[in-house]
>>> print(open('model-v3.cif').read())   # mmCIF, C-alpha atoms
data_coords
loop_
_atom_site.label_atom_id
_atom_site.label_comp_id
_atom_site.auth_asym_id
_atom_site.auth_seq_id
_atom_site.Cartn_x
_atom_site.Cartn_y
_atom_site.Cartn_z
CA MET A 1 -3.49 25.96 27.20
CA THR A 2 -1.86 22.81 25.80
CA ALA A 3 -5.28 21.25 25.25
CA THR A 4 -5.79 23.70 22.38
CA VAL A 5 -2.64 22.50 20.57
CA PRO A 6 -3.63 20.15 17.72
CA VAL A 7 -2.56 16.52 18.00
CA LEU A 8 -2.49 13.68 15.49
CA THR A 9 -1.97 10.26 17.05
CA ILE A 10 -0.64 7.31 15.06
CA ASP A 11 -0.81 3.99 16.89
CA GLY A 12 -0.18 0.44 15.80
CA PRO A 13 1.78 -2.73 16.46
CA SER A 14 5.53 -3.12 16.05
CA GLY A 15 6.61 -2.93 12.41
CA SER A 16 3.43 -1.30 11.13
CA GLY A 17 5.46 1.69 9.96
CA LYS A 18 4.11 4.17 12.48
CA GLY A 19 7.50 5.65 13.35
CA THR A 20 8.53 6.32 9.75
CA ILE A 21 5.08 7.59 8.81
CA SER A 22 4.70 9.76 11.91
CA ARG A 23 8.00 11.54 11.43
CA ALA A 24 7.32 12.11 7.73
CA VAL A 25 3.88 13.53 8.49
CA ALA A 26 5.30 15.76 11.24
CA GLN A 27 7.89 17.12 8.82
CA ARG A 28 5.23 17.84 6.19
CA LEU A 29 3.07 19.66 8.73
CA GLY A 30 5.92 21.43 10.50
CA TRP A 31 4.75 19.93 13.78
CA HIS A 32 6.68 18.35 16.65
CA TYR A 33 7.11 14.59 16.79
CA LEU A 34 6.85 12.22 19.75
CA ASP A 35 8.28 8.71 19.49
CA SER A 36 6.68 7.33 22.64
CA GLY A 37 8.20 3.90 22.11
CA ALA A 38 11.65 5.45 22.40
CA LEU A 39 10.84 6.47 25.97
CA TYR A 40 10.11 2.88 26.96
CA ARG A 41 13.12 1.61 25.03
CA ALA A 42 15.28 4.23 26.76
CA VAL A 43 14.19 2.98 30.17
CA GLY A 44 14.87 -0.57 28.97
CA VAL A 45 18.38 0.39 27.88
CA ALA A 46 19.03 2.19 31.17
CA ALA A 47 17.79 -0.88 33.04
CA GLY A 48 20.18 -3.02 31.00
CA TRP A 49 23.08 -0.73 31.79
CA ALA A 50 22.22 -1.08 35.49
CA ASP A 51 21.82 -4.86 35.09
CA LEU A 52 18.30 -4.74 36.51
CA ASP A 53 15.96 -7.72 36.54
CA LEU A 54 13.00 -7.05 34.22
CA ASP A 55 10.81 -8.92 36.70
CA ASP A 56 11.69 -6.45 39.48
CA ALA A 57 8.88 -3.92 39.03
CA GLY A 58 10.05 -1.72 41.89
CA ALA A 59 13.56 -1.36 40.51
CA LEU A 60 12.20 -0.57 37.04
CA VAL A 61 9.90 2.13 38.40
CA ARG A 62 12.85 3.74 40.21
CA CYS A 63 14.88 3.46 37.01
CA THR A 64 12.11 5.24 35.10
CA PHE A 65 12.19 8.22 37.45
CA ASP A 66 16.01 8.31 37.50
CA THR A 67 16.54 8.08 33.74
CA THR A 68 16.98 11.30 31.77
CA ILE A 69 15.80 11.10 28.17
CA GLY A 70 16.40 13.69 25.47
CA PHE A 71 15.75 13.96 21.74
CA ASP A 72 17.97 15.61 19.14
CA GLU A 73 16.09 16.42 15.92
CA SER A 74 18.80 18.62 14.40
CA GLY A 75 20.10 15.98 11.97
CA ASP A 76 18.56 13.78 9.31
CA GLU A 77 17.34 11.31 11.91
CA LEU A 78 16.05 11.52 15.44
CA ARG A 79 18.78 10.84 18.00
CA VAL A 80 17.87 9.68 21.49
CA LEU A 81 20.01 10.56 24.48
CA VAL A 82 19.79 8.37 27.58
CA ASN A 83 21.44 9.77 30.70
CA GLY A 84 23.47 12.04 28.45
CA HIS A 85 24.67 9.29 26.09
CA ASP A 86 23.57 8.79 22.48
CA ALA A 87 21.76 5.45 22.68
CA THR A 88 19.94 5.66 19.34
CA ASP A 89 21.47 2.53 17.81
CA GLU A 90 21.07 0.50 21.00
CA LEU A 91 17.40 1.48 21.23
CA ARG A 92 16.74 -0.13 17.85
CA THR A 93 17.89 -3.61 18.86
CA GLU A 94 15.45 -6.44 19.42
CA THR A 95 16.75 -6.70 22.99
CA ALA A 96 15.69 -3.10 23.69
CA GLY A 97 12.34 -3.73 22.03
CA ALA A 98 11.66 -6.80 24.15
CA ALA A 99 12.66 -4.92 27.30
CA ALA A 100 10.40 -2.01 26.36
CA SER A 101 7.45 -4.34 25.85
CA ALA A 102 8.01 -5.94 29.26
CA ILE A 103 8.46 -2.60 30.99
CA ALA A 104 5.39 -1.12 29.31
CA ALA A 105 3.24 -3.75 31.04
CA ILE A 106 4.04 -2.24 34.46
CA PRO A 107 1.29 0.25 35.43
CA GLU A 108 3.59 2.40 37.57
CA VAL A 109 6.06 2.81 34.70
CA ARG A 110 3.29 3.88 32.33
CA ALA A 111 2.03 6.36 34.90
CA ALA A 112 5.54 7.76 35.41
CA LEU A 113 5.98 8.37 31.68
CA LYS A 114 2.51 9.80 31.04
CA ASP A 115 3.37 13.40 31.96
CA ARG A 116 6.63 13.24 29.97
CA GLN A 117 4.69 12.29 26.87
CA ARG A 118 2.02 14.93 27.32
CA ALA A 119 4.72 17.59 27.71
CA PHE A 120 5.48 17.20 24.00
CA ARG A 121 2.15 18.86 23.18
CA VAL A 122 3.34 22.32 22.20
CA GLU A 123 2.65 24.73 19.34
CA PRO A 124 2.22 24.49 16.44
CA GLY A 125 1.10 20.87 16.84
CA LEU A 126 2.18 17.32 17.63
CA VAL A 127 2.29 14.01 15.81
CA ALA A 128 2.52 11.27 18.44
CA ASP A 129 3.22 7.65 17.61
CA GLY A 130 2.94 4.66 19.87
CA ARG A 131 0.48 2.09 21.10
CA ASP A 132 -1.81 4.08 23.38
CA MET A 133 -1.48 7.64 22.08
CA GLY A 134 -5.10 7.88 20.94
CA THR A 135 -6.61 5.85 23.76
CA VAL A 136 -4.72 6.99 26.88
CA ILE A 137 -2.20 9.78 26.39
CA PHE A 138 -4.11 12.06 24.01
CA PRO A 139 -7.72 10.81 24.02
CA ASP A 140 -8.88 14.30 22.95
CA ALA A 141 -6.64 14.34 19.85
CA GLY A 142 -8.35 15.83 16.82
CA TRP A 143 -7.13 13.09 14.49
CA LYS A 144 -6.35 9.47 15.27
CA VAL A 145 -4.86 6.80 13.03
CA PHE A 146 -4.26 3.11 13.69
CA LEU A 147 -1.78 1.48 11.31
CA THR A 148 -1.73 -2.26 10.74
CA ALA A 149 0.14 -4.70 8.51
CA SER A 150 0.41 -8.47 8.34
CA ALA A 151 2.84 -10.04 10.80
CA GLU A 152 4.79 -11.49 7.89
CA GLU A 153 5.23 -8.10 6.24
CA ARG A 154 6.22 -6.48 9.52
CA ALA A 155 8.85 -9.18 10.09
CA ASP A 156 10.14 -8.70 6.55
CA ARG A 157 10.44 -4.93 7.05
CA ARG A 158 12.34 -5.43 10.29
CA TYR A 159 14.56 -8.07 8.69
CA LYS A 160 15.59 -5.74 5.86
CA GLN A 161 16.14 -2.86 8.28
CA LEU A 162 18.42 -4.88 10.55
CA LYS A 163 20.29 -6.59 7.72
CA ASN A 164 21.08 -3.16 6.25
CA LYS A 165 22.65 -2.31 9.59
CA GLY A 166 24.73 -5.47 9.56
CA VAL A 167 22.74 -7.19 12.31
CA SER A 168 22.51 -10.97 12.07
CA VAL A 169 18.86 -12.04 12.33
CA THR A 170 16.51 -14.64 10.89
CA MET A 171 13.02 -14.15 9.49
CA ASP A 172 11.63 -16.98 11.62
CA GLY A 173 13.09 -15.48 14.77
CA LEU A 174 11.78 -12.01 14.00
CA LEU A 175 8.31 -13.34 13.18
CA ARG A 176 8.18 -15.19 16.51
CA GLU A 177 9.29 -12.05 18.37
CA ILE A 178 6.71 -9.88 16.62
CA LEU A 179 3.88 -12.32 17.34
CA ALA A 180 4.97 -12.61 20.98
CA ARG A 181 5.15 -8.82 21.32
CA ASP A 182 1.73 -8.43 19.73
CA ALA A 183 0.30 -10.85 22.28
CA ARG A 184 1.95 -9.06 25.21
CA ASP A 185 0.84 -5.63 24.03
CA ALA A 186 -2.74 -6.71 23.29
CA ASN A 187 -3.22 -8.64 26.52
CA ARG A 188 -1.56 -6.44 29.12
CA SER A 189 -3.89 -5.20 31.86
CA VAL A 190 -3.03 -1.52 31.45
CA ALA A 191 -3.46 0.37 28.16
CA PRO A 192 -3.61 -2.70 25.91
CA LEU A 193 -2.87 -2.21 22.22
CA ARG A 194 -6.15 -1.45 20.48
CA PRO A 195 -7.48 1.21 18.12
CA ALA A 196 -9.31 4.18 19.63
CA GLU A 197 -13.01 4.03 18.81
CA ASP A 198 -12.68 7.13 16.64
CA ALA A 199 -9.40 6.11 14.95
CA VAL A 200 -9.11 5.60 11.20
CA ARG A 201 -7.53 2.24 10.42
CA ILE A 202 -5.01 2.01 7.58
CA ASP A 203 -3.54 -1.33 6.50
CA THR A 204 -0.04 -0.60 5.24
CA THR A 205 0.56 -4.09 3.83
CA GLY A 206 1.96 -3.65 0.33
CA LEU A 207 1.91 0.15 0.52
CA GLY A 208 4.90 2.44 0.14
CA ILE A 209 5.76 5.18 2.64
CA ASP A 210 4.58 8.04 0.41
CA ALA A 211 1.20 6.41 -0.18
CA VAL A 212 0.57 5.99 3.54
CA VAL A 213 1.73 9.53 4.33
CA GLU A 214 -0.70 10.93 1.77
CA ARG A 215 -3.56 8.88 3.22
CA VAL A 216 -2.83 10.22 6.70
CA LEU A 217 -2.49 13.83 5.56
CA ALA A 218 -5.77 13.56 3.64
CA LEU A 219 -7.59 12.96 6.91
CA LEU A 220 -6.71 16.31 8.45
CA PRO A 221 -8.83 18.65 6.29
CA ALA A 222 -11.76 16.23 6.51
CA ARG A 223 -11.52 16.06 10.27
CA GLY A 224 -10.54 19.69 10.81
#
>>> encode(input="model-v3.cif", output="structure tokens")
Amino acid sequence: MTATVPVLTIDGPSGSGKGTISRAVAQRLGWHYLDSGALYRAVGVAAGWADLDLDDAGALVRCTFDTTIGFDESGDELRVLVNGHDATDELRTETAGAAASAIAAIPEVRAALKDRQRAFRVEPGLVADGRDMGTVIFPDAGWKVFLTASAEERADRRYKQLKNKGVSVTMDGLLREILARDARDANRSVAPLRPAEDAVRIDTTGLGIDAVVERVLALLPARG
């Protein structure tokens, strides 16, 4: 039974470091990794390819069911395949992030992706990162973490990440986008961004990746 497979959920707002931390923890544990945000971004990219209106809920729901999404973990980084095409770089753009946030507010889209996410729960275990992993997708997870960081630090992290990739962005613009996304995610009617009642909160402001990974790993023996 999949319910017996151990799960660690790591939720948090955009830029809190949950993706980097989750994958590092999964590698240390030898567990599988679910980047739930990539699923929503993949649908957003597919919708963009089809030139769909993000206000057309019906079209986006159909797009969700029609979009094939695959993950390739064979290399140094996770590659995401959308309808057979490597869309990893496109998924990381601010445009894809904004589309994902808008799409994630549609109840039917969230329902359509729920089973896909739960299917990642296989032996020997799963580290799942997102915004509602501990509250909605895996409420019975044995360990739950909620990462936070100041909006300014999250914007700075994103700025450095994008500049390293040669993307032209401004700190002010990124900060506005992060604050707007926080508001959308926290105020949506379905699965709003919030910590699970039994989640351990970790503020990553000023902390390095290794320090956060160690804090997360230290929770497992205590909880197990």
>>> atom_distance(input="model-v3.cif", atom1="CA of Asp89 (chain A)", atom2="CA of Gly37 (chain A)")
14.0 Å
>>> closest_atom_pairs(input="model-v3.cif", of="region 104-202 of chain A", to="region 59-83 of chain A", cutoff="7 Å", atoms="only C-alpha atoms", output="tab-separated table")
residue	atom	partner	partner_atom	distance
A:Glu108	CA	A:Val61	CA	6.4
A:Val109	CA	A:Val61	CA	5.4
A:Ala112	CA	A:Phe65	CA	7.0
>>> residues_around(input="model-v3.cif", residues="Ala196 (chain A)", least_positions_apart="6", cutoff="9 Å", atoms="only C-alpha atoms", output="PDB file with C-alpha atoms, in the frame of the given file")
ATOM      1  CA  ASP A  11      -0.810   3.990  16.890  1.00  0.00           C
ATOM      2  CA  ASP A 132      -1.810   4.080  23.380  1.00  0.00           C
ATOM      3  CA  MET A 133      -1.480   7.640  22.080  1.00  0.00           C
ATOM      4  CA  GLY A 134      -5.100   7.880  20.940  1.00  0.00           C
ATOM      5  CA  THR A 135      -6.610   5.850  23.760  1.00  0.00           C
ATOM      6  CA  PRO A 139      -7.720  10.810  24.020  1.00  0.00           C
ATOM      7  CA  LYS A 144      -6.350   9.470  15.270  1.00  0.00           C
ATOM      8  CA  VAL A 145      -4.860   6.800  13.030  1.00  0.00           C
ATOM      9  CA  PHE A 146      -4.260   3.110  13.690  1.00  0.00           C
TER      10      PHE A 146
END
>>> axis_aligned_box(input="model-v3.cif", around="region 199-212 of chain A", padding_each_side="6 Å", output="AutoDock Vina command-line options")
--center_x -1.8 --center_y 2.0 --center_z 7.4 --size_x 27.2 --size_y 24.1 --size_z 27.1
>>> closest_residue(input="model-v3.cif", among="A:Arg41, A:Arg110, A:Arg92, A:His32", to="Leu162 (chain A)", atoms="only C-alpha atoms")
A:Arg92
>>> closest_residue(input="model-v3.cif", among="A:Val136, A:Thr93, A:Ala199, A:Gly19", to="Val169 (chain A)", atoms="all atoms listed in the file")
A:Thr93
>>> closest_residue(input="model-v3.cif", among="A:Gly125, A:Gly12, A:Pro195, A:Gly97", to="Ala180 (chain A)", atoms="all atoms listed in the file")
A:Gly97
